[in-house]
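Below is the file my_file24.cif, which contains mmCIF, C-alpha atoms and all ligand atoms.
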data_entry
loop_
_atom_site.label_atom_id
_atom_site.label_comp_id
_atom_site.auth_asym_id
_atom_site.auth_seq_id
_atom_site.Cartn_x
_atom_site.Cartn_y
_atom_site.Cartn_z
CA MET A 260 -62.90 -70.69 -56.38
CA LYS A 261 -61.49 -68.07 -54.02
CA GLU A 262 -57.97 -67.79 -55.38
CA ASN A 263 -57.00 -65.10 -57.82
CA ARG A 264 -56.19 -67.45 -60.66
CA ILE A 265 -58.99 -68.25 -63.10
CA PRO A 266 -58.55 -71.92 -63.99
CA PHE A 267 -59.50 -73.23 -67.38
CA ASN A 268 -61.61 -75.99 -65.87
CA TRP A 269 -62.83 -76.73 -62.36
CA PRO A 270 -64.53 -80.09 -61.82
CA HIS A 271 -68.01 -79.65 -60.38
CA MET A 272 -69.05 -81.82 -57.44
CA THR A 273 -72.74 -82.26 -56.78
CA GLY A 274 -72.14 -83.01 -53.08
CA LYS A 275 -73.67 -86.49 -53.22
CA GLU A 276 -70.67 -88.33 -54.63
CA LEU A 277 -69.34 -89.54 -51.28
CA TYR A 278 -72.81 -90.49 -50.07
CA TYR A 279 -73.31 -92.85 -52.98
CA ILE A 280 -69.73 -94.11 -52.78
CA ALA A 281 -70.35 -94.87 -49.09
CA GLN A 282 -73.46 -96.86 -50.00
CA SER A 283 -71.38 -98.88 -52.39
CA HIS A 284 -68.65 -99.29 -49.78
CA PHE A 285 -71.03 -100.57 -47.09
CA SER A 286 -72.89 -102.84 -49.48
CA GLY A 287 -69.66 -104.64 -50.32
CA ARG A 288 -70.58 -104.50 -53.99
CA LEU A 289 -67.46 -103.09 -55.62
CA ALA A 290 -66.99 -104.85 -58.95
CA GLY A 291 -68.67 -103.54 -62.09
CA ASP A 292 -72.28 -103.90 -63.18
CA GLY A 293 -73.74 -103.51 -59.68
CA PRO A 294 -76.76 -101.40 -58.69
CA PHE A 295 -75.19 -97.99 -59.46
CA THR A 296 -74.01 -99.12 -62.88
CA LYS A 297 -77.53 -100.37 -63.56
CA ARG A 298 -79.02 -97.01 -62.60
CA CYS A 299 -76.55 -95.18 -64.84
CA HIS A 300 -77.36 -97.51 -67.74
CA GLU A 301 -81.10 -96.98 -67.33
CA TRP A 302 -80.66 -93.22 -67.13
CA LEU A 303 -78.48 -93.11 -70.25
CA GLU A 304 -80.90 -95.32 -72.17
CA ALA A 305 -83.91 -93.25 -71.13
CA ARG A 306 -82.23 -89.92 -71.89
CA SER A 307 -80.61 -90.87 -75.17
CA GLY A 308 -83.01 -93.43 -76.55
CA CYS A 309 -80.14 -95.81 -77.37
CA ALA A 310 -80.91 -99.53 -77.38
CA LYS A 311 -78.22 -100.27 -74.75
CA ALA A 312 -75.81 -98.12 -72.76
CA LEU A 313 -72.69 -99.74 -71.31
CA LEU A 314 -70.41 -97.86 -68.92
CA THR A 315 -66.73 -98.01 -69.78
CA HIS A 316 -63.50 -96.75 -68.22
CA SER A 317 -63.41 -93.84 -70.67
CA CYS A 318 -64.66 -92.62 -74.00
CA THR A 319 -61.39 -93.96 -75.38
CA ALA A 320 -62.38 -97.44 -74.15
CA ALA A 321 -65.86 -97.06 -75.66
CA LEU A 322 -64.31 -96.16 -79.03
CA GLU A 323 -61.99 -99.18 -78.76
CA MET A 324 -65.01 -101.37 -78.07
CA ALA A 325 -66.71 -99.88 -81.15
CA ALA A 326 -63.72 -100.79 -83.33
CA LEU A 327 -63.77 -104.36 -81.97
CA LEU A 328 -67.53 -104.66 -82.41
CA LEU A 329 -67.37 -103.56 -86.02
CA ASP A 330 -64.60 -106.10 -86.69
CA ILE A 331 -62.28 -103.41 -87.98
CA ARG A 332 -59.25 -105.19 -89.46
CA PRO A 333 -55.76 -104.30 -90.72
CA GLY A 334 -55.96 -102.24 -93.88
CA ASP A 335 -59.56 -101.10 -93.29
CA GLU A 336 -60.11 -97.36 -93.63
CA VAL A 337 -62.09 -95.14 -91.30
CA VAL A 338 -63.07 -91.60 -92.30
CA MET A 339 -62.79 -88.98 -89.56
CA PRO A 340 -61.80 -85.36 -88.94
CA SER A 341 -58.17 -84.48 -88.26
CA TYR A 342 -59.43 -81.80 -85.91
CA THR A 343 -60.17 -84.06 -82.93
CA PHE A 344 -58.69 -85.73 -79.88
CA VAL A 345 -56.21 -88.59 -80.48
CA SER A 346 -58.53 -91.33 -79.21
CA THR A 347 -60.85 -90.94 -82.21
CA ALA A 348 -58.01 -92.25 -84.40
CA ASN A 349 -56.14 -94.47 -81.93
CA ALA A 350 -59.10 -96.75 -81.29
CA PHE A 351 -59.04 -97.79 -84.95
CA VAL A 352 -55.26 -97.72 -85.42
CA LEU A 353 -55.07 -100.28 -82.59
CA ARG A 354 -56.98 -102.66 -84.91
CA GLY A 355 -54.58 -101.96 -87.77
CA ALA A 356 -56.94 -99.62 -89.60
CA VAL A 357 -55.97 -96.44 -91.45
CA PRO A 358 -57.59 -93.21 -90.28
CA VAL A 359 -58.48 -91.16 -93.34
CA PHE A 360 -58.54 -87.50 -92.37
CA VAL A 361 -61.03 -85.10 -93.91
CA ASP A 362 -61.39 -81.36 -93.39
CA ILE A 363 -63.96 -79.69 -91.13
CA ARG A 364 -66.73 -77.21 -91.85
CA PRO A 365 -65.73 -73.60 -91.27
CA ASP A 366 -68.91 -72.91 -89.26
CA THR A 367 -69.30 -75.75 -86.72
CA LEU A 368 -65.71 -77.09 -87.00
CA ASN A 369 -67.25 -80.54 -87.46
CA LEU A 370 -66.41 -83.15 -90.11
CA ASP A 371 -67.40 -81.59 -93.45
CA GLU A 372 -70.03 -83.97 -94.80
CA ARG A 373 -69.54 -82.59 -98.34
CA LEU A 374 -65.98 -84.01 -98.39
CA ILE A 375 -66.73 -87.51 -97.10
CA GLU A 376 -67.52 -89.19 -100.39
CA ASP A 377 -64.19 -88.11 -101.91
CA ALA A 378 -62.46 -90.03 -99.11
CA ILE A 379 -64.37 -93.30 -99.54
CA THR A 380 -62.57 -96.22 -101.20
CA SER A 381 -63.28 -99.95 -101.46
CA ARG A 382 -61.50 -100.35 -98.10
CA THR A 383 -63.60 -97.84 -96.18
CA ARG A 384 -65.56 -99.46 -93.33
CA ALA A 385 -66.78 -96.65 -91.12
CA ILE A 386 -67.27 -92.91 -90.64
CA VAL A 387 -66.54 -91.31 -87.26
CA PRO A 388 -68.23 -87.91 -86.86
CA VAL A 389 -67.00 -85.95 -83.83
CA HIS A 390 -69.51 -83.54 -82.30
CA TYR A 391 -67.16 -80.70 -81.44
CA ALA A 392 -68.21 -78.58 -78.46
CA GLY A 393 -71.41 -80.61 -78.18
CA VAL A 394 -72.67 -79.15 -81.46
CA ALA A 395 -73.92 -81.90 -83.76
CA CYS A 396 -72.45 -82.87 -87.10
CA GLU A 397 -74.84 -82.87 -90.08
CA MET A 398 -76.01 -86.36 -89.14
CA ASP A 399 -78.83 -86.84 -91.69
CA THR A 400 -76.38 -86.37 -94.55
CA ILE A 401 -73.68 -88.47 -92.88
CA MET A 402 -76.11 -91.33 -92.22
CA SER A 403 -77.38 -91.33 -95.76
CA ILE A 404 -73.83 -91.37 -97.19
CA ALA A 405 -73.03 -94.29 -94.86
CA ARG A 406 -76.14 -96.25 -95.87
CA ARG A 407 -75.47 -95.63 -99.56
CA HIS A 408 -71.93 -97.03 -99.25
CA GLY A 409 -72.65 -99.76 -96.69
CA LEU A 410 -70.56 -98.11 -93.96
CA LYS A 411 -70.98 -98.05 -90.20
CA VAL A 412 -71.16 -94.80 -88.23
CA VAL A 413 -69.53 -94.38 -84.82
CA GLU A 414 -70.32 -91.03 -83.19
CA ASP A 415 -67.55 -89.63 -81.04
CA ALA A 416 -69.96 -87.85 -78.71
CA ALA A 417 -67.34 -87.43 -75.97
CA GLN A 418 -68.41 -83.78 -75.62
CA GLY A 419 -72.05 -84.36 -76.48
CA VAL A 420 -73.85 -85.54 -73.33
CA MET A 421 -77.25 -83.76 -73.09
CA ALA A 422 -76.92 -82.22 -76.57
CA THR A 423 -79.25 -83.00 -79.47
CA TYR A 424 -79.58 -82.95 -83.27
CA LYS A 425 -83.16 -82.49 -84.54
CA GLY A 426 -84.32 -83.54 -81.09
CA ARG A 427 -82.26 -86.73 -81.00
CA ALA A 428 -79.51 -87.22 -78.42
CA LEU A 429 -75.96 -87.13 -79.77
CA GLY A 430 -74.50 -90.61 -79.68
CA SER A 431 -77.89 -92.21 -80.40
CA ILE A 432 -77.97 -91.59 -84.16
CA GLY A 433 -75.13 -93.70 -85.61
CA ASP A 434 -74.74 -97.46 -85.20
CA LEU A 435 -72.67 -96.77 -82.09
CA GLY A 436 -71.88 -93.71 -79.97
CA ALA A 437 -69.35 -92.90 -77.27
CA TYR A 438 -69.63 -90.51 -74.30
CA SER A 439 -66.88 -89.27 -72.00
CA PHE A 440 -67.19 -88.59 -68.27
CA HIS A 441 -63.61 -87.37 -67.96
CA GLU A 442 -63.04 -84.65 -65.36
CA THR A 443 -62.87 -81.99 -68.09
CA LYS A 444 -66.30 -82.82 -69.54
CA ASN A 445 -69.74 -81.67 -68.31
CA ILE A 446 -70.83 -84.80 -66.45
CA ILE A 447 -67.91 -86.47 -64.76
CA SER A 448 -66.56 -89.45 -62.84
CA GLY A 449 -62.84 -88.64 -63.02
CA GLU A 450 -62.18 -91.05 -65.82
CA GLY A 451 -65.24 -92.65 -67.36
CA GLY A 452 -67.34 -93.14 -70.43
CA SER A 453 -70.13 -95.06 -72.03
CA LEU A 454 -70.72 -96.93 -75.23
CA LEU A 455 -74.18 -96.34 -76.70
CA VAL A 456 -75.32 -99.29 -78.79
CA ASN A 457 -78.04 -98.20 -81.21
CA ASP A 458 -78.12 -101.24 -83.44
CA PRO A 459 -79.86 -103.89 -81.28
CA ASP A 460 -78.03 -106.64 -83.18
CA LEU A 461 -74.75 -105.47 -81.65
CA ILE A 462 -75.88 -105.60 -78.00
CA GLY A 463 -75.06 -109.24 -77.27
CA ARG A 464 -71.55 -109.06 -78.63
CA ALA A 465 -70.94 -105.67 -76.99
CA GLU A 466 -71.66 -107.25 -73.60
CA VAL A 467 -69.27 -110.10 -74.35
CA ILE A 468 -66.42 -107.84 -75.54
CA ARG A 469 -66.83 -105.67 -72.44
CA GLU A 470 -66.68 -108.71 -70.09
CA LYS A 471 -63.32 -110.14 -71.16
CA GLY A 472 -64.85 -112.01 -74.07
CA THR A 473 -67.19 -114.03 -71.85
CA ASP A 474 -70.97 -114.33 -71.59
CA ARG A 475 -70.87 -113.34 -67.92
CA SER A 476 -73.58 -110.71 -68.42
CA ARG A 477 -76.01 -113.42 -69.58
CA PHE A 478 -74.92 -115.63 -66.70
CA PHE A 479 -75.74 -112.86 -64.19
CA ARG A 480 -79.19 -112.54 -65.75
CA GLY A 481 -79.68 -116.28 -65.35
CA GLU A 482 -79.84 -116.84 -69.10
CA VAL A 483 -77.02 -119.44 -69.09
CA ASP A 484 -75.88 -121.72 -66.23
CA LYS A 485 -72.16 -121.05 -66.60
CA TYR A 486 -70.08 -118.48 -68.38
CA THR A 487 -67.25 -119.23 -70.78
CA TRP A 488 -64.89 -117.65 -73.26
CA GLN A 489 -66.98 -116.74 -76.31
CA ASP A 490 -65.09 -114.13 -78.31
CA VAL A 491 -62.28 -111.58 -78.17
CA GLY A 492 -62.70 -109.01 -75.44
CA SER A 493 -61.11 -107.13 -72.61
CA SER A 494 -62.07 -105.53 -69.31
CA PHE A 495 -63.93 -102.39 -70.29
CA LEU A 496 -66.27 -102.00 -67.31
CA PRO A 497 -65.66 -99.58 -64.45
CA GLY A 498 -66.12 -100.59 -60.81
CA GLU A 499 -69.11 -99.55 -58.74
CA LEU A 500 -67.30 -96.69 -56.95
CA THR A 501 -66.93 -94.92 -60.28
CA ALA A 502 -70.56 -95.64 -61.18
CA ALA A 503 -71.69 -94.34 -57.75
CA PHE A 504 -69.83 -91.08 -58.38
CA LEU A 505 -71.28 -90.83 -61.86
CA TRP A 506 -74.81 -91.42 -60.60
CA SER A 507 -74.68 -88.30 -58.44
CA GLN A 508 -73.74 -86.34 -61.54
CA LEU A 509 -76.35 -87.84 -63.86
CA GLU A 510 -79.02 -86.97 -61.30
CA GLU A 511 -78.07 -83.31 -61.72
CA ALA A 512 -77.33 -83.36 -65.43
CA THR A 513 -80.15 -80.95 -66.30
CA GLU A 514 -79.06 -78.37 -63.73
CA ILE A 515 -75.38 -78.70 -64.67
CA THR A 516 -76.18 -78.25 -68.34
CA SER A 517 -78.38 -75.22 -67.81
CA GLN A 518 -75.80 -73.46 -65.64
CA ARG A 519 -73.08 -74.10 -68.21
CA LEU A 520 -75.37 -72.85 -70.95
CA ALA A 521 -75.93 -69.64 -68.98
CA SER A 522 -72.17 -68.97 -68.79
CA TRP A 523 -71.86 -69.83 -72.48
CA ALA A 524 -74.65 -67.41 -73.39
CA ARG A 525 -73.06 -64.65 -71.33
CA TYR A 526 -69.74 -65.01 -73.16
CA HIS A 527 -71.65 -65.04 -76.41
CA ARG A 528 -73.49 -61.82 -75.58
CA LEU A 529 -70.42 -59.98 -74.32
CA LEU A 530 -68.31 -60.94 -77.33
CA GLU A 531 -70.81 -59.79 -79.92
CA SER A 532 -69.17 -56.39 -80.36
CA LEU A 533 -65.69 -57.88 -80.89
CA GLU A 534 -67.15 -60.08 -83.59
CA ALA A 535 -68.87 -57.05 -85.16
CA LYS A 536 -65.47 -55.33 -85.28
CA GLY A 537 -64.02 -58.29 -87.16
CA ALA A 538 -61.54 -59.19 -84.40
CA LEU A 539 -62.89 -62.68 -83.83
CA ARG A 540 -65.59 -65.12 -84.72
CA ARG A 541 -67.92 -66.61 -82.12
CA PRO A 542 -69.18 -70.23 -82.16
CA ILE A 543 -71.95 -71.01 -84.66
CA VAL A 544 -74.74 -73.36 -83.58
CA PRO A 545 -77.08 -74.46 -86.42
CA ASP A 546 -80.83 -74.23 -85.71
CA GLU A 547 -81.31 -77.99 -85.64
CA CYS A 548 -78.71 -78.40 -82.87
CA THR A 549 -79.20 -77.93 -79.15
CA GLN A 550 -75.78 -77.67 -77.58
CA ASN A 551 -74.78 -78.35 -73.96
CA GLY A 552 -72.47 -75.50 -72.95
CA HIS A 553 -69.47 -77.81 -73.02
CA LEU A 554 -66.97 -75.28 -74.26
CA TYR A 555 -66.72 -71.70 -75.45
CA TYR A 556 -64.15 -70.82 -78.05
CA VAL A 557 -63.27 -67.80 -80.16
CA LEU A 558 -61.58 -67.87 -83.54
CA LEU A 559 -59.23 -64.92 -83.86
CA ALA A 560 -59.11 -63.04 -87.15
CA PRO A 561 -56.31 -64.51 -89.33
CA ALA A 562 -54.15 -61.40 -89.11
CA LEU A 563 -54.02 -61.46 -85.30
CA ASP A 564 -51.22 -63.13 -83.33
CA ARG A 565 -52.76 -65.70 -80.97
CA GLN A 566 -49.62 -65.92 -78.86
CA ILE A 567 -49.99 -62.29 -77.77
CA VAL A 568 -53.50 -63.05 -76.50
CA LEU A 569 -52.41 -66.27 -74.76
CA ASP A 570 -49.48 -64.45 -73.11
CA GLU A 571 -51.81 -61.71 -71.88
CA PHE A 572 -54.19 -64.31 -70.40
CA LYS A 573 -51.23 -65.88 -68.63
CA ALA A 574 -50.00 -62.53 -67.32
CA ASN A 575 -53.47 -62.01 -65.84
CA ASN A 576 -53.58 -65.42 -64.16
CA ILE A 577 -56.18 -66.74 -66.57
CA SER A 578 -55.75 -70.25 -67.96
CA SER A 579 -56.89 -70.56 -71.52
CA VAL A 580 -55.97 -73.26 -73.97
CA PHE A 581 -55.98 -73.88 -77.66
CA HIS A 582 -56.60 -77.08 -79.60
CA TYR A 583 -56.48 -79.32 -81.47
CA VAL A 584 -53.03 -79.93 -82.87
CA PRO A 585 -54.24 -81.56 -86.10
CA LEU A 586 -53.84 -85.33 -86.24
CA HIS A 587 -53.00 -85.60 -89.96
CA SER A 588 -49.68 -83.77 -89.58
CA SER A 589 -48.74 -85.18 -86.14
CA PRO A 590 -45.97 -87.82 -85.97
CA ALA A 591 -48.40 -90.72 -85.44
CA GLY A 592 -50.93 -89.30 -87.90
CA LEU A 593 -48.26 -89.25 -90.61
CA ARG A 594 -47.26 -92.82 -89.75
CA TYR A 595 -50.71 -94.39 -89.50
CA GLY A 596 -53.10 -92.15 -91.37
CA ARG A 597 -53.79 -90.51 -94.67
CA ALA A 598 -55.21 -87.08 -95.45
CA VAL A 599 -57.68 -86.30 -98.21
CA GLY A 600 -57.54 -82.75 -99.58
CA ASN A 601 -55.53 -79.88 -98.16
CA LEU A 602 -57.32 -79.67 -94.78
CA GLN A 603 -57.00 -75.91 -94.90
CA THR A 604 -59.81 -75.19 -92.46
CA THR A 605 -58.33 -77.65 -89.96
CA ASN A 606 -54.90 -76.03 -90.25
CA SER A 607 -56.26 -72.50 -90.02
CA VAL A 608 -58.62 -73.17 -87.09
CA SER A 609 -55.97 -74.96 -85.06
CA GLU A 610 -53.81 -71.82 -85.28
CA ARG A 611 -56.55 -69.33 -84.44
CA LEU A 612 -58.79 -70.96 -81.84
CA ILE A 613 -58.76 -70.11 -78.13
CA ARG A 614 -60.91 -71.87 -75.54
CA LEU A 615 -62.06 -69.66 -72.70
CA PRO A 616 -62.46 -70.81 -69.08
CA LEU A 617 -65.90 -72.39 -68.64
CA TRP A 618 -67.04 -74.38 -65.63
CA MET A 619 -69.85 -74.58 -63.09
CA GLY A 620 -69.50 -71.67 -60.69
CA LEU A 621 -67.49 -69.37 -62.99
CA SER A 622 -68.51 -65.92 -61.74
CA ASP A 623 -69.62 -62.91 -63.79
CA GLU A 624 -66.61 -61.07 -62.41
CA GLN A 625 -64.25 -63.78 -63.64
CA GLN A 626 -65.90 -63.81 -67.05
CA ASP A 627 -65.57 -60.03 -67.23
CA LYS A 628 -61.83 -60.35 -66.59
CA VAL A 629 -61.54 -62.80 -69.48
CA ILE A 630 -63.50 -60.50 -71.80
CA ASP A 631 -61.40 -57.56 -70.66
CA VAL A 632 -58.18 -59.28 -71.78
CA LEU A 633 -59.71 -60.05 -75.16
CA GLU A 634 -60.89 -56.47 -75.59
CA ARG A 635 -57.46 -55.11 -74.70
CA THR A 636 -55.52 -57.46 -76.98
CA VAL A 637 -57.72 -57.78 -80.07
CA GLY A 638 -60.37 -55.06 -79.73
C1 LIG B 701 -62.42 -86.11 -74.23
C2 LIG B 701 -62.50 -86.68 -75.60
C3 LIG B 701 -62.18 -88.02 -75.87
C4 LIG B 701 -61.59 -88.94 -74.84
O1 LIG B 701 -62.38 -89.12 -73.73
P1 LIG B 701 -61.80 -89.98 -72.49
O2 LIG B 701 -63.01 -90.26 -71.68
O3 LIG B 701 -60.79 -89.11 -71.81
O4 LIG B 701 -61.19 -91.21 -73.05
C5 LIG B 701 -62.36 -88.49 -77.15
N1 LIG B 701 -62.81 -87.71 -78.14
C6 LIG B 701 -63.11 -86.41 -77.93
C7 LIG B 701 -63.64 -85.58 -79.05
C8 LIG B 701 -62.96 -85.85 -76.65
O5 LIG B 701 -63.25 -84.56 -76.45
#
Spit out the file's structure as structure tokens when you get a sec.
Ligand SMILES: *Cc1c(COP(=O)(O)O)cnc(C)c1O
Amino acid sequence: MKENRIPFNWPHMTGKELYYIAQSHFSGRLAGDGPFTKRCHEWLEARSGCAKALLTHSCTAALEMAALLLDIRPGDEVVMPSYTFVSTANAFVLRGAVPVFVDIRPDTLNLDERLIEDAITSRTRAIVPVHYAGVACEMDTIMSIARRHGLKVVEDAAQGVMATYKGRALGSIGDLGAYSFHETKNIISGEGGSLLVNDPDLIGRAEVIREKGTDRSRFFRGEVDKYTWQDVGSSFLPGELTAAFLWSQLEEATEITSQRLASWARYHRLLESLEAKGALRRPIVPDECTQNGHLYYVLLAPALDRQIVLDEFKANNISSVFHYVPLHSSPAGLRYGRAVGNLQTTNSVSERLIRLPLWMGLSDEQQDKVIDVLERTVG
């Protein structure tokens, strides 16, 4: 990045993307589930410990597969945070289900496990914890609530690649998990994602749903002599060019994560004094969570005007963003969903949070400029 502007995100290239894409090109193997997809699957299974990883076009697609796999039907209810990306809810709304929005914890900004049971009714089918910023939800509690009520758990681990909870990979703890390899995430393929199947009983049907409702995966393994229409399904698998790109990134996942964590830690160190002054709150990472440096945010003190800070960033050519616009009060959220409780933390956080630029190669000098704006506007 030589230009003066400090972008919010800058996709990192490992340098091997085109080399692997060329291999795919010359091999003539372009459709999905070729050698690069296989390598990615094996890597994801080895790293996460899931029973089966299946590449998808996006995390959104993986969540849609999860809703199909769990046979979510019209009128079913799915408990989730309102403070999340739209796909968490859309995947279930597409099946006719009602997203039931619950507030988040003030510390991690994750689904507040203490509020889940109040939201459960006879129609509840699943809980969808979202690991915000790659910091895990309180999964032990969430899993035991789910088991007690006979519910399934789908982890939206879009931001959670390479992060853990009590030593276990995010996405590998619930019945199903979903990763994103979107350009704005840590490990990327432009658009891309993966479904993690943790319940071995769901593997067979997951393969069928992903292959247009056919048993083509079994056919390719020589387990059946022809493949036919078996179930509902769609085309959820990416082509080999995408998998080839992704493979170059997975190979460097450890290095990418550690560099991002170093930038994260530097922000954290330099913002300590502003937190001590009461101007803002820094991210909180519980002891049992290892995060992945996916994003760095600050929560401004309630009395401060966020717009003044955002305007000052803009005036200094620094791109910063806020999120999320809560789902429960959005037009579609009002139409399709239901909120439980007043969601006051969700509402408050969405008005006070600022995400700072964080990407591979962000320089100390650039970070200092970002800190400088914060010190001038809120310090
Ligand atoms: C990025 C993101 C998604 C969507 O991922 P895609 O791969 O773009 O579909 C879903 N949920 C959360 C929490 C995300 O951050």
Could the residues of segment 302-376 of chain A that have an atom at most 12 Å from segment 469-482 of chain A be listed as a Markdown table, each with its closest atom pair and the distance in Å to one decimal, counting all atoms listed in the file and ordered by chain and ascending residue number?
| residue | atom | partner | partner_atom | distance |
| --- | --- | --- | --- | --- |
| A:Ala312 | CA | A:Arg469 | CA | 11.7 |
| A:Leu313 | CA | A:Arg469 | CA | 8.4 |
| A:Leu314 | CA | A:Arg469 | CA | 9.3 |
| A:Thr315 | CA | A:Arg469 | CA | 8.1 |
| A:His316 | CA | A:Arg469 | CA | 10.4 |
| A:Ala320 | CA | A:Arg469 | CA | 9.5 |
| A:Ala321 | CA | A:Arg469 | CA | 9.2 |
| A:Leu322 | CA | A:Arg469 | CA | 11.8 |
| A:Glu323 | CA | A:Arg469 | CA | 10.3 |
| A:Met324 | CA | A:Arg469 | CA | 7.3 |
| A:Ala325 | CA | A:Arg469 | CA | 10.5 |
| A:Leu327 | CA | A:Arg469 | CA | 10.1 |
| A:Leu328 | CA | A:Arg469 | CA | 10.0 |
Exercise: Leu563 of chain A partners within 10 Å, all atoms listed in the file, chain neighbours under 6 positions left out, as a list in words | Ala538, Leu539, Arg611, Thr636 and Val637 of chain A
Find the spatial neighbours of segment 351-368 of chain A, counting only C-alpha atoms, within a cut-off of 6 Å - ignore same-chain residues fewer than 2 positions away - and output them as number ranges by chain.
-> A: 326, 332-341, 348-349, 370-371, 543, 595-599, 602, 605
Would you list the residues that come within 9 Å of ligand LIG 701 (chain B)? Count all atoms listed in the file and give the answer as a VMD selection string.
-> chain A and resid 315 to 322 342 to 347 389 to 392 415 to 419 437 to 444 449 to 453
Between A:Ile630, A:Thr380, A:Arg407, A:Arg264, single out the one closest to Ser532 of chain A, counting only C-alpha atoms.
->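 Checking each candidate against Ser532 of chain A, we get A:Ile630 as the closest.
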Would you pick out the contacts of segment 523-527 of chain A at 8 Å or less, using all atoms listed in the file, so that residues sharing its chain but fewer than 4 positions from it are not included, and give the list as an mmCIF file with C-alpha atoms, in the coordinates of the input?
data_model
loop_
_atom_site.group_PDB
_atom_site.id
_atom_site.type_symbol
_atom_site.label_atom_id
_atom_site.label_comp_id
_atom_site.auth_asym_id
_atom_site.auth_seq_id
_atom_site.Cartn_x
_atom_site.Cartn_y
_atom_site.Cartn_z
ATOM 1 C CA ARG A 519 -73.080 -74.100 -68.210
ATOM 2 C CA GLU A 531 -70.810 -59.790 -79.920
ATOM 3 C CA ARG A 541 -67.920 -66.610 -82.120
ATOM 4 C CA GLY A 552 -72.470 -75.500 -72.950
ATOM 5 C CA LEU A 554 -66.970 -75.280 -74.260
ATOM 6 C CA TYR A 555 -66.720 -71.700 -75.450
ATOM 7 C CA LEU A 617 -65.900 -72.390 -68.640
ATOM 8 C CA GLN A 626 -65.900 -63.810 -67.050
ATOM 9 C CA ILE A 630 -63.500 -60.500 -71.800
#
Mind checking which residues fall within 9 Å of segment 557-561 of chain A, counting only C-alpha atoms, ignoring those fewer than 3 positions away in the same chain, and posting them as a PyMOL selection string?
-> chain A and resi 530+537-542+564-565+607-608+610-615+637
Quick one: segment 404-418 of chain A with N, CA and C atoms, as an mmCIF file, in the coordinates of the input?
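Here's the written file selection04.cif:
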data_model
loop_
_atom_site.group_PDB
_atom_site.id
_atom_site.type_symbol
_atom_site.label_atom_id
_atom_site.label_comp_id
_atom_site.auth_asym_id
_atom_site.auth_seq_id
_atom_site.Cartn_x
_atom_site.Cartn_y
_atom_site.Cartn_z
ATOM 1 N N ILE A 404 -75.065 -90.984 -96.476
ATOM 2 C CA ILE A 404 -73.830 -91.370 -97.190
ATOM 3 C C ILE A 404 -73.406 -92.772 -96.730
ATOM 4 N N ALA A 405 -73.450 -92.983 -95.414
ATOM 5 C CA ALA A 405 -73.030 -94.290 -94.860
ATOM 6 C C ALA A 405 -73.909 -95.410 -95.384
ATOM 7 N N ARG A 406 -75.221 -95.197 -95.402
ATOM 8 C CA ARG A 406 -76.140 -96.250 -95.870
ATOM 9 C C ARG A 406 -75.907 -96.547 -97.347
ATOM 10 N N ARG A 407 -75.675 -95.472 -98.124
ATOM 11 C CA ARG A 407 -75.470 -95.630 -99.560
ATOM 12 C C ARG A 407 -74.217 -96.468 -99.856
ATOM 13 N N HIS A 408 -73.197 -96.325 -99.001
ATOM 14 C CA HIS A 408 -71.930 -97.030 -99.250
ATOM 15 C C HIS A 408 -71.744 -98.248 -98.348
ATOM 16 N N GLY A 409 -72.752 -98.594 -97.575
ATOM 17 C CA GLY A 409 -72.650 -99.760 -96.690
ATOM 18 C C GLY A 409 -71.629 -99.587 -95.579
ATOM 19 N N LEU A 410 -71.538 -98.378 -95.025
ATOM 20 C CA LEU A 410 -70.560 -98.110 -93.960
ATOM 21 C C LEU A 410 -71.237 -97.985 -92.605
ATOM 22 N N LYS A 411 -70.471 -98.238 -91.555
ATOM 23 C CA LYS A 411 -70.980 -98.050 -90.200
ATOM 24 C C LYS A 411 -70.635 -96.639 -89.727
ATOM 25 N N VAL A 412 -71.422 -96.133 -88.792
ATOM 26 C CA VAL A 412 -71.160 -94.800 -88.230
ATOM 27 C C VAL A 412 -70.969 -94.912 -86.722
ATOM 28 N N VAL A 413 -69.819 -94.430 -86.254
ATOM 29 C CA VAL A 413 -69.530 -94.380 -84.820
ATOM 30 C C VAL A 413 -69.440 -92.910 -84.437
ATOM 31 N N GLU A 414 -70.360 -92.438 -83.607
ATOM 32 C CA GLU A 414 -70.320 -91.030 -83.190
ATOM 33 C C GLU A 414 -69.369 -90.864 -82.008
ATOM 34 N N ASP A 415 -68.358 -90.029 -82.186
ATOM 35 C CA ASP A 415 -67.550 -89.630 -81.040
ATOM 36 C C ASP A 415 -68.296 -88.478 -80.389
ATOM 37 N N ALA A 416 -69.144 -88.842 -79.413
ATOM 38 C CA ALA A 416 -69.960 -87.850 -78.710
ATOM 39 C C ALA A 416 -69.367 -87.579 -77.339
ATOM 40 N N ALA A 417 -68.033 -87.651 -77.247
ATOM 41 C CA ALA A 417 -67.340 -87.430 -75.970
ATOM 42 C C ALA A 417 -67.807 -86.126 -75.322
ATOM 43 N N GLN A 418 -68.023 -85.098 -76.150
ATOM 44 C CA GLN A 418 -68.410 -83.780 -75.620
ATOM 45 C C GLN A 418 -69.914 -83.553 -75.712
#
